[in-house]
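So this block is model25.txt, compact mmCIF, C-alpha atoms and all ligand atoms:
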# COMPACT_ATOMS: atom_id res chain seq x y z
CA MET A 217 120.46 89.43 84.49
CA SER A 218 118.47 86.39 85.54
CA ASP A 219 119.36 86.61 89.26
CA CYS A 220 118.71 90.37 89.62
CA ILE A 221 115.66 91.21 91.76
CA PHE A 222 114.98 94.47 89.90
CA CYS A 223 115.20 92.75 86.49
CA LYS A 224 112.61 90.30 87.86
CA ILE A 225 110.41 93.24 88.87
CA VAL A 226 110.81 94.73 85.36
CA LYS A 227 109.73 91.40 83.83
CA GLY A 228 106.82 91.05 86.26
CA ASP A 229 108.23 87.83 87.74
CA VAL A 230 108.37 89.52 91.18
CA PRO A 231 105.39 91.69 92.18
CA SER A 232 105.82 95.39 92.91
CA GLU A 233 103.64 98.45 93.43
CA LYS A 234 104.39 100.26 90.17
CA VAL A 235 103.78 103.99 90.03
CA TYR A 236 105.19 104.80 86.58
CA GLU A 237 106.32 102.85 83.54
CA ASP A 238 107.41 103.59 80.00
CA GLU A 239 109.59 101.76 77.48
CA SER A 240 112.87 102.49 79.27
CA VAL A 241 112.06 103.44 82.89
CA LEU A 242 110.12 101.87 85.77
CA ALA A 243 109.23 103.38 89.17
CA PHE A 244 107.80 101.46 92.11
CA LYS A 245 107.38 101.70 95.88
CA ASP A 246 110.32 100.64 98.03
CA ILE A 247 109.40 97.54 100.01
CA HIS A 248 110.97 99.02 103.19
CA ALA A 249 109.86 102.63 103.01
CA GLN A 250 112.08 105.04 104.96
CA ALA A 251 109.74 108.01 104.52
CA PRO A 252 106.04 108.59 103.77
CA VAL A 253 107.02 108.69 100.09
CA HIS A 254 109.83 106.28 99.15
CA LEU A 255 109.96 105.34 95.48
CA LEU A 256 112.64 103.69 93.38
CA VAL A 257 113.25 104.83 89.81
CA ILE A 258 115.21 102.43 87.62
CA PRO A 259 116.14 101.90 83.99
CA LYS A 260 114.57 98.74 82.62
CA ALA A 261 117.96 97.76 81.23
CA HIS A 262 120.33 96.12 83.70
CA ILE A 263 123.01 98.70 84.56
CA PRO A 264 124.84 97.70 87.77
CA SER A 265 125.71 101.14 89.18
CA VAL A 266 126.48 104.78 88.38
CA ARG A 267 130.04 103.67 87.64
CA GLU A 268 128.81 102.35 84.28
CA LEU A 269 127.12 105.64 83.32
CA GLY A 270 128.58 108.08 80.82
CA GLU A 271 127.83 110.42 77.95
CA LYS A 272 126.03 107.62 76.10
CA ASP A 273 123.35 107.56 78.80
CA GLY A 274 122.28 111.19 78.54
CA ALA A 275 118.81 110.46 77.16
CA LEU A 276 118.14 107.73 79.72
CA LEU A 277 119.21 109.97 82.59
CA GLY A 278 116.99 112.74 81.27
CA ARG A 279 114.08 110.31 81.28
CA ILE A 280 114.90 109.15 84.81
CA PHE A 281 115.05 112.70 86.18
CA SER A 282 111.92 113.85 84.40
CA THR A 283 110.21 110.78 85.93
CA ILE A 284 111.48 111.79 89.37
CA ASN A 285 110.07 115.30 88.87
CA ARG A 286 106.73 113.91 87.70
CA LEU A 287 106.53 111.64 90.75
CA ALA A 288 107.57 114.44 93.12
CA GLU A 289 104.76 116.56 91.68
CA GLU A 290 102.19 113.74 91.87
CA ASN A 291 103.09 113.01 95.50
CA GLY A 292 102.92 116.62 96.66
CA LEU A 293 106.67 116.92 97.16
CA ALA A 294 107.56 119.52 94.55
CA GLU A 295 106.97 122.52 96.81
CA ARG A 296 107.83 120.80 100.12
CA GLY A 297 111.15 119.44 98.95
CA PHE A 298 112.48 115.93 98.61
CA ARG A 299 115.66 113.91 98.37
CA ILE A 300 117.13 111.84 95.55
CA VAL A 301 119.62 109.17 96.68
CA ASN A 302 121.89 106.87 94.76
CA ASN A 303 124.00 104.42 96.72
CA CYS A 304 127.05 103.07 94.88
CA GLY A 305 129.21 100.15 95.94
CA GLU A 306 129.82 98.53 99.30
CA GLU A 307 130.72 101.57 101.38
CA GLY A 308 128.08 103.60 99.60
CA GLY A 309 125.47 101.20 100.96
CA GLN A 310 124.33 99.69 97.65
CA THR A 311 122.51 96.41 98.25
CA VAL A 312 120.80 95.88 94.87
CA HIS A 313 123.22 95.94 91.96
CA HIS A 314 120.80 97.31 89.36
CA ILE A 315 121.11 101.08 89.35
CA HIS A 316 118.26 102.85 91.14
CA PHE A 317 117.46 106.31 92.38
CA HIS A 318 115.55 106.63 95.65
CA LEU A 319 112.96 109.42 95.80
CA LEU A 320 112.27 110.23 99.45
CA GLY A 321 109.92 112.79 100.91
CA GLY A 322 106.90 113.60 103.01
CA ARG A 323 108.86 114.33 106.19
CA SER A 324 111.78 116.51 107.19
CA LEU A 325 114.94 114.61 106.24
CA THR A 326 118.12 114.90 108.29
CA TRP A 327 121.59 115.58 106.91
CA PRO A 328 124.26 114.25 106.82
CA PRO A 329 123.24 110.60 106.47
CA GLY A 330 125.00 108.03 108.67
P1 LIG B 401 120.15 100.27 97.99
O1 LIG B 401 120.50 99.96 99.42
O2 LIG B 401 120.77 99.27 97.03
O3 LIG B 401 120.43 101.69 97.60
O4 LIG B 401 118.58 100.16 97.90
C1 LIG B 401 117.88 99.00 97.59
C2 LIG B 401 116.45 99.24 97.95
O5 LIG B 401 115.66 98.28 97.33
C3 LIG B 401 116.18 99.16 99.47
O6 LIG B 401 115.63 100.39 99.92
C4 LIG B 401 115.20 97.99 99.57
O7 LIG B 401 114.21 98.21 100.56
C5 LIG B 401 114.62 97.91 98.18
N1 LIG B 401 114.23 96.57 97.79
C6 LIG B 401 114.98 95.44 97.88
N2 LIG B 401 114.32 94.38 97.39
C7 LIG B 401 113.10 94.85 96.98
C8 LIG B 401 111.97 94.23 96.40
O8 LIG B 401 111.93 93.03 96.14
N3 LIG B 401 110.90 95.02 96.11
C9 LIG B 401 110.92 96.37 96.38
N4 LIG B 401 109.80 97.06 96.06
N5 LIG B 401 111.97 97.00 96.93
C10 LIG B 401 113.05 96.23 97.23
ZN ZN B 402 118.89 93.98 86.88
In structure tokens, what does this structure look like?
Ligand code: 5GP
Ligand code: ZN
Amino acid sequence: MSDCIFCKIVKGDVPSEKVYEDESVLAFKDIHAQAPVHLLVIPKAHIPSVRELGEKDGALLGRIFSTINRLAEENGLAERGFRIVNNCGEEGGQTVHHIHFHLLGGRSLTWPPG
């Protein structure tokens, strides 16, 4: 998707602070961090939202969640606890339509969200 900001980050056309990369997954720092640790984990392939996910994506999702666990460990969150967020659609608060999982931690997080 040529007009997708996260596809541009994957291609390197837009700079980002990358913290993990392999052939199918990229993780980078959120530009507007909401917590001491706020990372975004995305597939390199353009998938608009969780609504497009299904059985076919099992391996990719396994890779995404093992990446989240690796990053939680590296950032000292594994024992403290952390939050994984996916926003889907307008009322879900999704603003970038390339699926992404927020990894938030490093402070006590309130629940429920607004
Ligand atoms: P959403 O609201 O769609 O769940 O989350 C999108 C996230 O992407 C927001 O937290 C926002 O700060 C982040 N974001 C938007 N544009 C950029 C960008 O160009 N670079 C980075 N690193 N993060 C971005
Ligand atoms: Zn994209």
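Based on only C-alpha atoms and all ligand atoms, the protein and nucleic acid residues found within 12 Å of ligand ZN 402 (chain B) are, by chain and then by number, Met217, Ser218, Asp219, Cys220, Ile221, Phe222, Cys223, Lys224, Ile225, Val226, Lys227, Leu242, Ile258, Pro259, Lys260, Ala261, His262, Ile263, Pro264, Ser265, Val312, His313, His314, Ile315 and His316 of chain A.
The shortest atom-to-atom distance to ligand LIG 401 (chain B), with only C-alpha atoms and all ligand atoms taken into account, belongs to A:Leu256 out of A:Leu320, A:Ala275, A:Ala251, A:Leu256.
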Wanna dump the chain A-ligand LIG 401 (chain B) contacts at 6 Å for me, each residue with its shortest atom pair and the distance in Å to one decimal, counting all atoms listed in the file, ordered by chain and number, as a Markdown table?
| residue | atom | partner | partner_atom | distance |
| --- | --- | --- | --- | --- |
| A:Ser232 | CA | B:LIG401 | N4 | 5.3 |
| A:Lys245 | CA | B:LIG401 | N4 | 5.2 |
| A:Asp246 | CA | B:LIG401 | N4 | 4.1 |
| A:Ile247 | CA | B:LIG401 | N4 | 4.0 |
| A:His248 | CA | B:LIG401 | O7 | 4.3 |
| A:Asn303 | CA | B:LIG401 | O3 | 4.6 |
| A:Gly309 | CA | B:LIG401 | O1 | 5.3 |
| A:Gln310 | CA | B:LIG401 | O2 | 3.6 |
| A:Thr311 | CA | B:LIG401 | O2 | 3.6 |
| A:Val312 | CA | B:LIG401 | O2 | 4.0 |
Keeping only C-alpha atoms, write the selected residues as a tab-separated table (two decimals), in the coordinates of the input.
chain	number	residue	atom	x	y	z
A	232	SER	CA	105.82	95.39	92.91
A	245	LYS	CA	107.38	101.70	95.88
A	246	ASP	CA	110.32	100.64	98.03
A	247	ILE	CA	109.40	97.54	100.01
A	248	HIS	CA	110.97	99.02	103.19
A	303	ASN	CA	124.00	104.42	96.72
A	309	GLY	CA	125.47	101.20	100.96
A	310	GLN	CA	124.33	99.69	97.65
A	311	THR	CA	122.51	96.41	98.25
A	312	VAL	CA	120.80	95.88	94.87
Item to complete: For each of A:Arg279, A:His254, A:Gly322, A:Phe244, take the minimum atom-to-atom distance to Gly228 in chain A, counting only C-alpha atoms, then give the residue where this is smallest.
Response: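 Checking each of A:Arg279, A:His254, A:Gly322, A:Phe244 against Gly228 in chain A, counting only C-alpha atoms, the winner is A:Phe244.
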Practice prompt. Can you work out the spacing between CA of His318 in chain A and CA of Arg299 in chain A in Å, to one decimal?
Written response: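 Separation between CA of His318 in chain A and CA of Arg299 in chain A: 7.8 Å.
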Worksheet item: What gap, in Å, lies between CA of Glu233 in chain A and CA of Leu255 in chain A?
Response: 9.6 Å
Practice prompt. Identify, on the basis of all atoms listed in the file, every residue whose closest approach to range 292-296 of chain A does not exceed 10 Å; exclude the query and any residue fewer than 2 positions from it along the same chain; express the result as a PyMOL selection string.
Written response: chain A and resi 253+285-290+298-299+319-324
Worksheet item: From the list A:Cys304, A:Ala249, A:Val241, A:Val235, which residue is nearest Val266 in chain A when using all atoms listed in the file?
Response: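 When distances to Val266 in chain A are compared using all atoms listed in the file, the smallest one comes from A:Cys304.
Nearest residue to Phe281 in chain A, choosing from A:Pro231, A:Ile300, A:Glu268, A:Trp327 and counting all atoms listed in the file: A:Ile300.
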Fill in: Top pick for closest residue to Leu325 in chain A, considering A:Glu239, A:Leu276, A:Gln250, A:Gly305 and counting all atoms listed in the file
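Closest to Leu325 in chain A of all the choices is A:Gln250.
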Worksheet item: How far is it from CA of Ala243 in chain A to CA of Asp273 in chain A, in Å with one decimal?
Response: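 Computing the Euclidean distance for CA of Ala243 in chain A and CA of Asp273 in chain A yields 18.0 Å.
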